[in-house]
>>> print(open('final-v3.txt').read())   # compact mmCIF, C-alpha atoms and all ligand atoms
# COMPACT_ATOMS: atom_id res chain seq x y z
CA VAL A 116 7.59 6.41 39.96
CA ARG A 117 8.78 7.19 43.47
CA ILE A 118 8.16 4.43 45.95
CA GLU A 119 8.42 4.50 49.72
CA ILE A 120 8.34 1.43 51.94
CA ILE A 121 7.19 1.57 55.56
CA THR A 122 7.59 -1.41 57.83
CA ILE A 123 5.77 -1.37 61.12
CA GLY A 124 6.52 -3.34 64.26
CA ASN A 125 8.28 -2.96 67.60
CA GLU A 126 9.96 -6.31 67.00
CA LEU A 127 11.73 -4.90 63.94
CA LEU A 128 13.34 -2.15 65.99
CA ASP A 129 14.37 -3.95 69.17
CA GLY A 130 16.30 -6.68 67.38
CA THR A 131 13.74 -9.46 67.90
CA ARG A 132 13.05 -9.76 64.20
CA VAL A 133 15.04 -8.81 61.14
CA ASP A 134 13.07 -6.83 58.59
CA THR A 135 12.94 -8.99 55.47
CA ASN A 136 9.93 -7.27 53.97
CA THR A 137 11.81 -4.15 52.87
CA PRO A 138 14.39 -5.94 50.71
CA PHE A 139 11.72 -8.16 49.17
CA ILE A 140 9.46 -5.27 48.24
CA GLY A 141 12.40 -3.13 47.20
CA ALA A 142 13.74 -5.79 44.84
CA LYS A 143 10.35 -6.53 43.29
CA LEU A 144 9.40 -2.92 42.67
CA ALA A 145 12.86 -1.78 41.62
CA ALA A 146 12.91 -4.58 39.04
CA LEU A 147 9.67 -3.16 37.76
CA GLY A 148 11.30 0.21 37.23
CA GLY A 149 10.21 1.93 40.41
CA GLU A 150 12.58 4.25 42.22
CA ILE A 151 12.72 3.30 45.89
CA VAL A 152 13.20 6.67 47.53
CA ARG A 153 13.07 5.66 51.17
CA ALA A 154 12.39 2.81 53.56
CA THR A 155 11.30 3.57 57.08
CA THR A 156 10.73 1.28 60.04
CA VAL A 157 8.50 2.53 62.83
CA PRO A 158 7.17 1.03 66.06
CA ASP A 159 3.53 -0.02 66.53
CA ALA A 160 2.80 3.46 67.87
CA PRO A 161 0.03 5.48 66.19
CA GLU A 162 2.01 8.76 66.25
CA ALA A 163 5.02 7.11 64.63
CA ILE A 164 2.90 5.41 61.98
CA ALA A 165 1.03 8.64 61.29
CA ALA A 166 4.23 10.67 60.94
CA ALA A 167 5.80 8.16 58.57
CA LEU A 168 2.67 7.93 56.46
CA GLU A 169 2.23 11.70 56.23
CA ARG A 170 5.78 12.14 55.06
CA ALA A 171 5.50 9.28 52.59
CA VAL A 172 2.30 10.42 50.89
CA ALA A 173 3.79 13.89 50.61
CA GLU A 174 6.92 12.68 48.83
CA ALA A 175 6.20 9.43 46.99
CA ASP A 176 3.82 8.24 44.29
CA VAL A 177 3.43 4.81 45.79
CA VAL A 178 3.59 3.86 49.47
CA VAL A 179 3.81 0.24 50.55
CA ALA A 180 3.37 -0.37 54.27
CA THR A 181 3.57 -3.75 56.00
CA GLY A 182 2.64 -4.94 59.47
CA GLY A 183 0.13 -4.17 62.10
CA LEU A 184 -2.93 -5.30 60.20
CA GLY A 185 -3.71 -8.18 62.50
CA PRO A 186 -6.61 -8.45 64.89
CA THR A 187 -4.58 -7.95 68.04
CA THR A 188 -4.52 -4.66 69.89
CA ASP A 189 -0.86 -3.98 69.21
CA ASP A 190 -1.74 -3.66 65.56
CA ARG A 191 -2.72 -0.06 64.96
CA THR A 192 -1.95 0.52 61.33
CA LYS A 193 -5.44 0.58 59.91
CA GLN A 194 -6.94 2.96 62.44
CA THR A 195 -4.01 5.29 62.02
CA VAL A 196 -4.17 5.24 58.24
CA ALA A 197 -7.91 5.86 58.39
CA ARG A 198 -7.34 8.88 60.60
CA VAL A 199 -4.40 10.32 58.64
CA LEU A 200 -6.14 9.97 55.30
CA GLY A 201 -9.50 11.04 56.70
CA ARG A 202 -11.33 7.90 55.75
CA PRO A 203 -13.52 6.47 58.51
CA LEU A 204 -13.45 2.72 58.97
CA THR A 205 -16.53 0.95 57.72
CA LEU A 206 -17.48 -2.69 57.80
CA ASP A 207 -16.83 -4.52 54.54
CA GLU A 208 -19.31 -7.40 54.42
CA GLU A 209 -17.39 -9.25 51.75
CA VAL A 210 -14.21 -9.22 53.77
CA LEU A 211 -16.12 -10.26 56.86
CA ALA A 212 -17.59 -13.22 54.97
CA ARG A 213 -14.13 -14.22 53.80
CA VAL A 214 -12.56 -14.00 57.25
CA ARG A 215 -15.46 -16.01 58.69
CA ALA A 216 -15.12 -18.61 55.93
CA HIS A 217 -11.40 -18.88 56.66
CA PHE A 218 -12.18 -19.91 60.25
CA GLU A 219 -15.08 -22.17 59.30
CA SER A 220 -12.97 -24.04 56.77
CA ARG A 221 -10.86 -25.06 59.77
CA GLY A 222 -13.91 -26.03 61.75
CA ALA A 223 -13.60 -23.10 64.12
CA GLU A 224 -15.84 -20.18 64.92
CA MET A 225 -14.52 -16.72 64.15
CA PRO A 226 -13.37 -14.94 67.32
CA GLU A 227 -15.12 -11.62 67.94
CA ILE A 228 -11.90 -9.62 67.60
CA ASN A 229 -11.50 -10.71 63.97
CA ILE A 230 -14.47 -8.53 63.02
CA GLY A 231 -11.92 -5.74 63.16
CA GLN A 232 -10.19 -7.24 60.14
CA ALA A 233 -13.27 -6.50 58.06
CA MET A 234 -13.17 -2.82 58.96
CA VAL A 235 -11.87 -0.99 55.93
CA PRO A 236 -11.04 2.71 55.42
CA GLU A 237 -13.63 4.30 53.19
CA GLY A 238 -12.81 3.92 49.51
CA ALA A 239 -10.13 1.33 50.15
CA ARG A 240 -10.17 -1.90 48.21
CA PRO A 241 -9.33 -5.10 50.06
CA ILE A 242 -6.61 -7.36 48.68
CA GLU A 243 -7.35 -11.02 49.17
CA ASN A 244 -5.07 -12.85 51.58
CA ARG A 245 -4.57 -16.38 50.30
CA ARG A 246 -2.36 -17.35 53.20
CA GLY A 247 -4.00 -15.77 56.22
CA THR A 248 -6.94 -13.77 57.49
CA ALA A 249 -5.93 -10.12 57.45
CA PRO A 250 -6.66 -8.74 53.98
CA GLY A 251 -4.37 -6.19 52.44
CA LEU A 252 -5.72 -2.82 51.40
CA VAL A 253 -5.12 -0.46 48.56
CA MET A 254 -6.39 3.09 48.35
CA GLU A 255 -5.64 6.14 46.31
CA ASP A 256 -5.14 9.42 48.07
CA ASP A 257 -4.54 12.58 46.01
CA GLY A 258 -2.91 10.53 43.29
CA VAL A 259 -0.76 8.61 45.73
CA LEU A 260 -1.29 4.85 45.85
CA VAL A 261 -1.14 3.41 49.35
CA PHE A 262 -0.84 -0.33 49.88
CA LEU A 263 -1.26 -1.77 53.36
CA LEU A 264 -0.02 -5.32 53.56
CA PRO A 265 0.24 -7.83 56.41
CA GLY A 266 3.55 -8.11 58.22
CA VAL A 267 3.77 -11.90 57.96
CA PRO A 268 6.38 -12.36 55.24
CA GLN A 269 4.65 -15.20 53.33
CA GLU A 270 1.34 -13.30 53.27
CA MET A 271 3.02 -10.05 52.21
CA ARG A 272 5.04 -11.82 49.48
CA SER A 273 2.08 -13.55 47.96
CA MET A 274 0.15 -10.25 47.85
CA VAL A 275 3.05 -8.38 46.27
CA GLU A 276 3.42 -11.02 43.58
CA THR A 277 -0.21 -11.68 42.81
CA TYR A 278 -1.61 -8.19 43.35
CA VAL A 279 0.77 -5.25 43.83
CA VAL A 280 3.10 -6.00 40.91
CA PRO A 281 0.31 -6.66 38.36
CA PHE A 282 -1.55 -3.61 39.69
CA LEU A 283 1.44 -1.31 39.14
CA GLU A 284 2.15 -2.83 35.74
CA GLY A 285 -1.47 -2.12 34.87
CA ARG A 286 -0.80 1.49 35.82
CA GLY A 287 1.95 1.59 33.23
CA LEU A 288 4.95 1.18 35.53
CA LYS A 289 7.73 -0.22 33.41
CA ARG A 290 11.45 -0.35 33.49
CA SER A 291 13.37 2.32 31.61
CA TRP A 292 16.86 1.15 32.49
CA GLU A 293 19.20 -1.71 31.76
CA GLU A 294 22.05 -2.93 33.93
CA ARG A 295 25.41 -4.36 32.97
CA LEU A 296 27.83 -5.98 35.36
CA ILE A 297 31.59 -5.60 35.09
CA ARG A 298 33.65 -7.76 37.44
CA THR A 299 37.18 -6.74 38.38
CA THR A 300 39.83 -8.22 40.61
CA GLY A 301 43.32 -7.29 41.76
CA ILE A 302 42.50 -3.59 41.92
CA SER A 303 41.15 -1.60 44.86
CA GLU A 304 37.88 0.29 44.84
CA SER A 305 39.67 3.64 44.96
CA ALA A 306 42.02 2.67 42.14
CA VAL A 307 39.00 1.66 40.05
CA ALA A 308 37.42 5.02 40.80
CA GLU A 309 40.60 6.87 39.87
CA ARG A 310 40.61 5.20 36.48
CA ILE A 311 36.96 5.47 35.59
CA ALA A 312 35.34 8.30 37.57
CA PRO A 313 36.29 11.19 35.26
CA THR A 314 34.85 9.35 32.26
CA ALA A 315 31.88 7.88 34.11
CA LYS A 316 30.87 11.33 35.30
CA ARG A 317 30.59 12.57 31.73
CA LEU A 318 28.45 9.69 30.51
CA ALA A 319 24.89 10.93 30.16
CA ARG A 320 22.04 8.85 31.63
CA VAL A 321 24.50 6.44 33.19
CA GLU A 322 25.08 5.51 36.80
CA VAL A 323 27.92 3.39 38.10
CA ALA A 324 27.65 1.56 41.41
CA TYR A 325 30.74 0.12 43.10
CA LEU A 326 30.13 -3.25 44.74
CA PRO A 327 33.32 -4.37 46.49
CA GLY A 328 33.58 -7.95 47.72
CA LEU A 329 36.28 -10.45 48.68
CA GLY A 330 36.75 -11.47 45.06
CA GLY A 331 37.20 -7.93 43.81
CA VAL A 332 35.17 -4.90 42.91
CA ASP A 333 32.05 -5.40 40.81
CA LEU A 334 30.67 -2.45 38.90
CA ARG A 335 27.01 -2.16 38.09
CA VAL A 336 26.47 0.12 35.15
CA THR A 337 22.92 1.39 34.72
CA GLY A 338 21.83 3.06 31.51
CA ARG A 339 18.53 4.89 31.18
CA GLY A 340 16.49 5.67 28.10
CA GLU A 341 13.06 6.33 26.69
CA THR A 342 12.78 2.71 25.66
CA LEU A 343 14.41 -0.44 26.98
CA ALA A 344 16.35 -0.74 23.72
CA ALA A 345 17.71 2.79 24.11
CA ALA A 346 18.60 2.07 27.73
CA ALA A 347 20.39 -1.10 26.64
CA ARG A 348 22.44 0.81 24.05
CA THR A 349 23.41 3.42 26.63
CA ALA A 350 24.37 0.75 29.17
CA ASP A 351 26.38 -1.23 26.61
CA ARG A 352 28.30 1.78 25.38
CA ALA A 353 29.12 2.88 28.92
CA ALA A 354 30.16 -0.63 29.95
CA ASP A 355 32.45 -0.83 26.92
CA ARG A 356 34.13 2.46 27.77
CA ILE A 357 34.62 1.47 31.39
CA THR A 358 35.94 -1.97 30.47
CA ASP A 359 38.53 -0.36 28.19
CA LEU A 360 39.71 1.87 31.01
CA LEU A 361 40.14 -1.06 33.38
CA GLY A 362 41.90 -3.33 30.90
CA PRO A 363 43.12 -6.66 32.29
CA PHE A 364 41.54 -6.07 35.69
CA VAL A 365 38.17 -6.99 34.19
CA TYR A 366 37.60 -10.73 34.33
CA ALA A 367 33.92 -10.89 33.44
CA ARG A 368 31.31 -8.85 31.62
CA GLY A 369 28.30 -10.33 33.30
CA PRO A 370 27.55 -12.49 36.31
CA GLU A 371 30.10 -15.25 35.56
CA SER A 372 32.37 -16.30 38.40
CA MET A 373 36.14 -16.38 38.09
CA GLU A 374 36.07 -20.19 38.10
CA GLU A 375 33.66 -20.18 35.17
CA VAL A 376 35.92 -17.81 33.26
CA ILE A 377 38.89 -20.06 34.01
CA GLY A 378 36.96 -23.10 32.81
CA TYR A 379 36.15 -21.34 29.58
CA LEU A 380 39.73 -20.21 28.99
CA LEU A 381 41.20 -23.64 29.75
CA THR A 382 38.72 -25.26 27.39
CA MET A 383 39.44 -22.78 24.61
CA ALA A 384 43.18 -23.37 25.04
CA GLY A 385 42.79 -27.15 25.20
CA ALA A 386 44.68 -26.89 28.49
CA THR A 387 44.46 -28.89 31.71
CA LEU A 388 44.99 -27.80 35.28
CA ALA A 389 46.41 -29.17 38.52
CA VAL A 390 46.56 -27.20 41.76
CA ALA A 391 48.87 -27.21 44.79
CA GLU A 392 47.38 -25.38 47.72
CA SER A 393 48.87 -24.51 51.07
CA CYS A 394 47.06 -21.71 52.93
CA THR A 395 43.82 -22.13 50.97
CA GLY A 396 43.56 -25.81 51.91
CA GLY A 397 41.58 -26.87 48.86
CA LEU A 398 39.51 -23.76 48.28
CA VAL A 399 40.75 -23.36 44.72
CA GLY A 400 39.98 -26.99 43.92
CA ALA A 401 36.51 -26.57 45.41
CA ARG A 402 35.87 -23.49 43.32
CA ILE A 403 37.13 -25.07 40.10
CA THR A 404 34.98 -28.16 40.59
CA ARG A 405 31.90 -26.09 41.34
CA VAL A 406 31.65 -25.55 37.59
CA PRO A 407 29.79 -28.32 35.76
CA GLY A 408 31.99 -30.02 33.22
CA SER A 409 35.21 -29.13 35.05
CA SER A 410 36.42 -32.73 34.75
CA ASP A 411 37.23 -31.88 31.12
CA TYR A 412 40.13 -29.70 32.22
CA PHE A 413 40.75 -30.31 35.93
CA GLY A 414 42.62 -33.44 36.99
CA GLY A 415 43.09 -32.69 40.69
CA GLY A 416 45.80 -31.49 42.97
CA VAL A 417 47.49 -31.58 46.32
CA VAL A 418 46.67 -29.83 49.55
CA ALA A 419 50.24 -29.33 50.70
CA TYR A 420 49.93 -27.73 54.09
CA SER A 421 53.10 -29.00 55.73
CA ASN A 422 56.66 -28.71 54.48
CA ASP A 423 56.85 -32.47 54.51
CA VAL A 424 53.98 -32.84 52.03
CA LYS A 425 55.37 -30.01 49.92
CA LYS A 426 58.63 -31.96 49.66
CA ARG A 427 57.32 -35.48 49.31
CA LEU A 428 54.31 -35.00 47.02
CA LEU A 429 55.39 -31.93 45.09
CA GLY A 430 59.16 -32.25 45.05
CA VAL A 431 59.82 -28.87 46.65
CA ARG A 432 63.51 -28.87 47.63
CA SER A 433 64.61 -28.79 51.25
CA THR A 434 67.16 -26.13 50.41
CA THR A 435 64.41 -23.90 48.99
CA LEU A 436 62.28 -24.30 52.11
CA ARG A 437 65.32 -23.61 54.30
CA SER A 438 66.68 -20.61 52.44
CA ALA A 439 63.56 -18.88 51.13
CA GLY A 440 60.95 -20.34 53.49
CA ALA A 441 57.61 -22.04 52.89
CA VAL A 442 55.96 -18.70 52.17
CA SER A 443 58.05 -17.46 49.27
CA GLY A 444 57.96 -17.04 45.56
CA GLU A 445 60.54 -19.80 45.19
CA THR A 446 58.41 -22.32 47.07
CA ALA A 447 55.29 -21.29 45.14
CA SER A 448 57.18 -21.84 41.88
CA GLU A 449 58.40 -25.28 42.85
CA MET A 450 54.93 -26.24 44.06
CA ALA A 451 53.39 -25.19 40.75
CA GLU A 452 56.06 -26.97 38.73
CA GLY A 453 55.81 -30.05 40.94
CA VAL A 454 52.06 -30.41 40.72
CA ARG A 455 52.11 -29.75 36.98
CA SER A 456 54.55 -32.57 36.34
CA LYS A 457 53.12 -35.03 38.92
CA CYS A 458 49.59 -34.57 37.54
CA HIS A 459 50.60 -34.38 33.87
CA ALA A 460 48.73 -31.11 33.42
CA THR A 461 49.56 -28.34 30.97
CA HIS A 462 49.20 -25.80 33.80
CA GLY A 463 50.14 -26.05 37.47
CA LEU A 464 48.74 -23.52 39.91
CA ALA A 465 50.13 -23.01 43.43
CA ILE A 466 49.40 -20.93 46.50
CA THR A 467 51.38 -20.46 49.67
CA GLY A 468 50.83 -17.76 52.24
CA ILE A 469 50.06 -16.71 55.79
CA ALA A 470 46.33 -16.63 56.47
CA GLY A 471 46.70 -15.63 60.11
CA PRO A 472 45.76 -14.70 62.70
CA GLY A 473 49.10 -16.11 63.97
CA GLY A 474 52.30 -16.91 62.11
CA GLY A 475 53.13 -13.43 60.87
CA THR A 476 56.53 -11.76 61.26
CA PRO A 477 57.69 -8.26 60.36
CA GLU A 478 59.28 -9.58 57.17
CA LYS A 479 56.43 -11.95 56.39
CA PRO A 480 53.22 -10.45 57.77
CA VAL A 481 49.78 -12.05 57.86
CA GLY A 482 48.22 -11.70 54.42
CA LEU A 483 51.46 -12.25 52.51
CA VAL A 484 50.61 -14.73 49.76
CA TYR A 485 52.52 -16.03 46.77
CA THR A 486 50.80 -17.53 43.77
CA ALA A 487 52.48 -19.26 40.87
CA VAL A 488 51.50 -20.73 37.54
CA ALA A 489 53.75 -23.19 35.75
CA SER A 490 53.25 -23.93 32.08
CA LYS A 491 55.38 -24.94 29.12
CA SER A 492 56.37 -21.30 28.62
CA GLY A 493 57.80 -21.05 32.13
CA THR A 494 56.68 -20.21 35.63
CA ARG A 495 55.14 -16.93 36.64
CA VAL A 496 54.98 -15.85 40.29
CA SER A 497 53.00 -13.12 41.92
CA GLU A 498 53.27 -11.62 45.40
CA HIS A 499 50.20 -10.30 47.22
CA ARG A 500 49.53 -8.47 50.46
CA LEU A 501 45.95 -9.36 51.27
CA ARG A 502 43.75 -7.74 53.87
CA GLY A 503 41.24 -9.15 56.30
CA ASP A 504 40.80 -11.99 58.74
CA ARG A 505 41.75 -15.60 58.07
CA GLU A 506 38.72 -16.40 55.93
CA ALA A 507 39.06 -13.19 53.95
CA VAL A 508 42.75 -13.85 53.25
CA ARG A 509 41.98 -17.39 52.12
CA GLU A 510 39.15 -16.24 49.86
CA ARG A 511 41.19 -13.38 48.39
CA ALA A 512 44.17 -15.72 47.90
CA SER A 513 42.08 -18.19 45.92
CA GLN A 514 40.84 -15.37 43.72
CA ALA A 515 44.36 -14.00 43.23
CA ALA A 516 45.62 -17.44 42.21
CA LEU A 517 42.85 -17.96 39.69
CA ASP A 518 43.42 -14.46 38.38
CA LEU A 519 47.11 -15.16 37.79
CA LEU A 520 46.10 -18.25 35.83
CA ARG A 521 43.61 -16.16 33.86
CA ARG A 522 46.31 -13.66 32.95
CA VAL A 523 48.68 -16.44 31.89
CA LEU A 524 45.99 -18.07 29.74
CA LEU A 525 45.17 -14.73 28.13
CA GLY A 526 48.80 -13.81 27.65
CA VAL A 527 48.47 -10.60 29.67
CA ALA A 528 51.97 -9.25 30.29
CA GLU A 529 53.28 -8.82 33.82
CA GLU A 530 52.89 -5.35 35.29
P1 LIG B 1 -1.32 -10.79 61.53
O1 LIG B 1 -2.63 -10.86 60.86
O2 LIG B 1 -0.59 -12.10 61.47
O3 LIG B 1 -1.36 -10.21 62.91
P2 LIG B 1 0.00 -8.30 60.87
O4 LIG B 1 -0.16 -7.52 59.64
O5 LIG B 1 -0.59 -7.77 62.11
O6 LIG B 1 -0.45 -9.79 60.59
P3 LIG B 1 2.35 -8.22 62.39
O7 LIG B 1 1.58 -8.62 63.61
O8 LIG B 1 2.93 -6.89 62.41
O9 LIG B 1 1.54 -8.45 61.11
O10 LIG B 1 3.47 -9.28 62.16
C1 LIG B 1 3.17 -10.65 62.00
C2 LIG B 1 4.42 -11.47 61.98
O11 LIG B 1 5.23 -11.10 60.88
C3 LIG B 1 5.31 -11.29 63.20
O12 LIG B 1 5.94 -12.53 63.52
C4 LIG B 1 6.31 -10.29 62.76
O13 LIG B 1 7.49 -10.40 63.48
C5 LIG B 1 6.49 -10.66 61.30
N1 LIG B 1 6.88 -9.46 60.57
C6 LIG B 1 6.20 -8.30 60.53
N2 LIG B 1 6.83 -7.38 59.79
C7 LIG B 1 7.95 -7.98 59.33
C8 LIG B 1 9.03 -7.55 58.51
N3 LIG B 1 9.08 -6.30 58.01
N4 LIG B 1 10.03 -8.41 58.24
C9 LIG B 1 9.99 -9.68 58.77
N5 LIG B 1 9.00 -10.14 59.53
C10 LIG B 1 7.98 -9.31 59.84
MG MG B 2 3.17 -6.20 64.49
>>> encode(input="final-v3.txt", output="C-alpha cells")
Amino acid sequence: VRIEIITIGNELLDGTRVDTNTPFIGAKLAALGGEIVRATTVPDAPEAIAAALERAVAEADVVVATGGLGPTTDDRTKQTVARVLGRPLTLDEEVLARVRAHFESRGAEMPEINIGQAMVPEGARPIENRRGTAPGLVMEDDGVLVFLLPGVPQEMRSMVETYVVPFLEGRGLKRSWEERLIRTTGISESAVAERIAPTAKRLARVEVAYLPGLGGVDLRVTGRGETLAAAARTADRAADRITDLLGPFVYARGPESMEEVIGYLLTMAGATLAVAESCTGGLVGARITRVPGSSDYFGGGVVAYSNDVKKRLLGVRSTTLRSAGAVSGETASEMAEGVRSKCHATHGLAITGIAGPGGGTPEKPVGLVYTAVASKSGTRVSEHRLRGDREAVRERASQAALDLLRRVLLGVAEE
C-alpha cells in the first residue's frame, strides 16, 4: 500500500514550526506495513494544496493530509479538497451538534465561524476529534483513501491511533517484512559497503540500510515475504550472511548498546572492570553505569585529566610522560595497568587523547586517541584517529575504548 503524507501550513515552511506530524504518521503507517512514497509540505494556499492533492491521489493508495481544518480563514484545506475531488461541501448536522456541544460543555456559545467545521465534502465521513473541535475526515476517491486530519499534533495523533490505524488494519493492511539490526563499530561506512554490498545485492527480497552514527555504523536488514514468518526467515538468513562478512566489527545483533554487550561479556567471564579516563572525562564510566546491575562488574575508576593525577593516582611514570607524552600508547598502557592494580579489577581500561579543538600538533593532531586494556594476559593498546568536533571525538573515543575491551574479552586477535 502506497502512502503519501501532505502537511499543510505556512508556519511549517517559514521555520516558525517544525513539522512533527510527518514523522509520526510515517512511523505509525510504516510499522503497519505501508510504503511511505512521499511527504510533501505546502503552504496554506489553495493552489498549492490542490496541486499536492492531485498528485497524491494519482500516485498513492492512501493520502494522509494534516492542517488547515480549523475555523479560521487561513485554513483552506477542506474547500480545496472539496473542489479537487468534486464533492460539494454540505452541512453535517451530527458534526455541528458535536462542535456545539464541545463549546457548551465549557459554558460558552459556539462562535458563528465554527459552523464551517460542520461543513463536510459529500460522501466524506467525519472522524471524531476527542481533543478539539475540528473533526477529521475520511473519504474514498476512485479507490484512493484520503484522510484529512487537524494540524494540532495531539489531535492528529489521537486520530491516527484511534481511527486511521484501525481503519487501515480493517482494510487488510499488514506488515510483510521483518527487520534485523546489526551494529558495527571501528569500520567506516564505505568499508562496510565494500565488504557486504556485492553479497547484499544478490540477496533476494532483502534491503540493507546504512545508519552511521558516532558509535559506528548500524545496518538495518529488511526481509520481505508472503507471510511474516517467511519475511523473518529471509531477514535472519541475510543478517547471518552479512554478520559473517563483517566478522569482529559486529558488536550487537539487535538494539543492545556497546555498554550492555560489555556488561554481558564481563559477567560471562566473571571479570571486573576499572577505568582510567583522560580526554573522555568520565564518559566511559557513565556509559558503563547506565546499565542496570553494572555494580556486579564495575568497581569505579579515575578521571585522570592532568599529568599530576595520572602520576599520583595511577602511577604513570614521569619518564613516560616526558619521553612519550601524555597522549601516547605508553601512557595509555600505564594508566590501564595502574587503574587495574589500584582498583583490584581483572581488567583496566584507559583512554588518553586530544579532543580538540585546541592542543593538536602535526605529530599529534586533534582526534588522536590511545586506548588500552590491561588484564592478566598483558596489556593491549590501540591507536585511533577520530573525526569530528570535541564532543564527537569524545563519544567516538569512549566507543573505541569499550570496543577494545570487547575484543580482549572475546579473544579477537589484533589486526
Ligand atoms: P485548528 O482547529 O486548531 O485550527 P487546524 O487543522 O486548522 O486545527 P492548523 O491551524 O493548521 O490546524 O494548525 C494548528 C496548530 O498545529 C498550529 O499551532 C500549527 O503550527 C500546528 N501544526 C500544524 N501542522 C503541524 C505539523 N505538521 N507539525 C507540527 N505542528 C503542526
Ligand atoms: Mg494552519
>>> residues_near_point(input="final-v3.txt", point="(-15.0, -6.6, 57.7)", cutoff="10 Å", atoms="only C-alpha atoms", output="PyMOL selection string")
chain A and resi 204-215+229-235+241+249-250
>>> closest_atom_pairs(input="final-v3.txt", of="segment 136-172 of chain A", to="segment 254-270 of chain A", cutoff="10 Å", atoms="all atoms listed in the file", output="Markdown table")
| residue | atom | partner | partner_atom | distance |
| --- | --- | --- | --- | --- |
| A:Asn136 | CA | A:Pro268 | CA | 6.3 |
| A:Phe139 | CA | A:Pro268 | CA | 9.1 |
| A:Leu168 | CA | A:Val261 | CA | 9.2 |
| A:Ala171 | CA | A:Val259 | CA | 9.3 |
| A:Val172 | CA | A:Val259 | CA | 6.3 |
>>> atom_distance(input="final-v3.txt", atom1="atom O8 of ligand LIG 1 (chain B)", atom2="atom CA of Thr181 of chain A")
7.2 Å
>>> closest_atom_pairs(input="final-v3.txt", of="chain A", to="ligand LIG 1 (chain B)", cutoff="10 Å", atoms="all atoms listed in the file", output="Markdown table")
| residue | atom | partner | partner_atom | distance |
| --- | --- | --- | --- | --- |
| A:Ile120 | CA | B:LIG1 | N3 | 9.9 |
| A:Ile121 | CA | B:LIG1 | N3 | 8.5 |
| A:Thr122 | CA | B:LIG1 | N3 | 5.1 |
| A:Ile123 | CA | B:LIG1 | N2 | 6.2 |
| A:Gly124 | CA | B:LIG1 | O8 | 5.4 |
| A:Asn125 | CA | B:LIG1 | O8 | 8.4 |
| A:Glu126 | CA | B:LIG1 | O13 | 5.9 |
| A:Leu127 | CA | B:LIG1 | C8 | 6.6 |
| A:Leu128 | CA | B:LIG1 | N3 | 10.0 |
| A:Thr131 | CA | B:LIG1 | O13 | 7.7 |
| A:Arg132 | CA | B:LIG1 | O13 | 5.6 |
| A:Val133 | CA | B:LIG1 | C9 | 5.6 |
| A:Asp134 | CA | B:LIG1 | N4 | 3.4 |
| A:Thr135 | CA | B:LIG1 | N4 | 4.1 |
| A:Asn136 | CA | B:LIG1 | N3 | 4.2 |
| A:Thr137 | CA | B:LIG1 | N3 | 6.2 |
| A:Pro138 | CA | B:LIG1 | N3 | 9.0 |
| A:Phe139 | CA | B:LIG1 | N4 | 9.2 |
| A:Ile140 | CA | B:LIG1 | N3 | 9.8 |
| A:Thr156 | CA | B:LIG1 | N3 | 8.0 |
| A:Pro158 | CA | B:LIG1 | O8 | 9.7 |
| A:Asp159 | CA | B:LIG1 | O8 | 8.0 |
| A:Ala180 | CA | B:LIG1 | N3 | 9.0 |
| A:Thr181 | CA | B:LIG1 | N2 | 6.2 |
| A:Gly182 | CA | B:LIG1 | O8 | 3.5 |
| A:Gly183 | CA | B:LIG1 | O5 | 3.7 |
| A:Leu184 | CA | B:LIG1 | O4 | 3.6 |
| A:Gly185 | CA | B:LIG1 | O3 | 3.1 |
| A:Pro186 | CA | B:LIG1 | O3 | 5.9 |
| A:Thr187 | CA | B:LIG1 | O3 | 6.5 |
| A:Thr188 | CA | B:LIG1 | O5 | 9.3 |
| A:Asp189 | CA | B:LIG1 | O7 | 7.7 |
| A:Asp190 | CA | B:LIG1 | O5 | 5.5 |
| A:Arg191 | CA | B:LIG1 | O5 | 8.5 |
| A:Thr192 | CA | B:LIG1 | O4 | 8.4 |
| A:Lys193 | CA | B:LIG1 | O4 | 9.7 |
| A:Asn229 | CA | B:LIG1 | O1 | 9.4 |
| A:Gln232 | CA | B:LIG1 | O1 | 8.4 |
| A:Asn244 | CA | B:LIG1 | O1 | 9.8 |
| A:Arg246 | CA | B:LIG1 | O2 | 10.0 |
| A:Gly247 | CA | B:LIG1 | O1 | 6.9 |
| A:Thr248 | CA | B:LIG1 | O1 | 6.2 |
| A:Ala249 | CA | B:LIG1 | O1 | 4.8 |
| A:Pro250 | CA | B:LIG1 | O1 | 8.3 |
| A:Gly251 | CA | B:LIG1 | O4 | 8.4 |
| A:Leu263 | CA | B:LIG1 | O4 | 8.6 |
| A:Leu264 | CA | B:LIG1 | O4 | 6.5 |
| A:Pro265 | CA | B:LIG1 | O4 | 3.3 |
| A:Gly266 | CA | B:LIG1 | C6 | 3.5 |
| A:Val267 | CA | B:LIG1 | O11 | 3.4 |
| A:Pro268 | CA | B:LIG1 | N5 | 5.5 |
| A:Gln269 | CA | B:LIG1 | O11 | 8.6 |
| A:Glu270 | CA | B:LIG1 | O6 | 8.3 |
| A:Met271 | CA | B:LIG1 | O4 | 8.5 |
>>> residues_around(input="final-v3.txt", residues="Arg298 of chain A", least_positions_apart="3", cutoff="10 Å", atoms="only C-alpha atoms", output="PyMOL selection string")
chain A and resi 295+326-327+330-335+358+364-373
>>> residues_near_point(input="final-v3.txt", point="(49.7, -16.0, 30.0)", cutoff="10 Å", atoms="all atoms listed in the file", output="PDB file with C-alpha atoms, keeping the file's coordinate frame")
ATOM      1  CA  VAL A 488      51.500 -20.730  37.540  1.00  0.00           C
ATOM      2  CA  SER A 490      53.250 -23.930  32.080  1.00  0.00           C
ATOM      3  CA  SER A 492      56.370 -21.300  28.620  1.00  0.00           C
ATOM      4  CA  GLY A 493      57.800 -21.050  32.130  1.00  0.00           C
ATOM      5  CA  THR A 494      56.680 -20.210  35.630  1.00  0.00           C
ATOM      6  CA  ARG A 495      55.140 -16.930  36.640  1.00  0.00           C
ATOM      7  CA  LEU A 519      47.110 -15.160  37.790  1.00  0.00           C
ATOM      8  CA  LEU A 520      46.100 -18.250  35.830  1.00  0.00           C
ATOM      9  CA  ARG A 521      43.610 -16.160  33.860  1.00  0.00           C
ATOM     10  CA  ARG A 522      46.310 -13.660  32.950  1.00  0.00           C
ATOM     11  CA  VAL A 523      48.680 -16.440  31.890  1.00  0.00           C
ATOM     12  CA  LEU A 524      45.990 -18.070  29.740  1.00  0.00           C
ATOM     13  CA  LEU A 525      45.170 -14.730  28.130  1.00  0.00           C
ATOM     14  CA  GLY A 526      48.800 -13.810  27.650  1.00  0.00           C
ATOM     15  CA  VAL A 527      48.470 -10.600  29.670  1.00  0.00           C
ATOM     16  CA  ALA A 528      51.970  -9.250  30.290  1.00  0.00           C
ATOM     17  CA  GLU A 529      53.280  -8.820  33.820  1.00  0.00           C
TER      18      GLU A 529
END
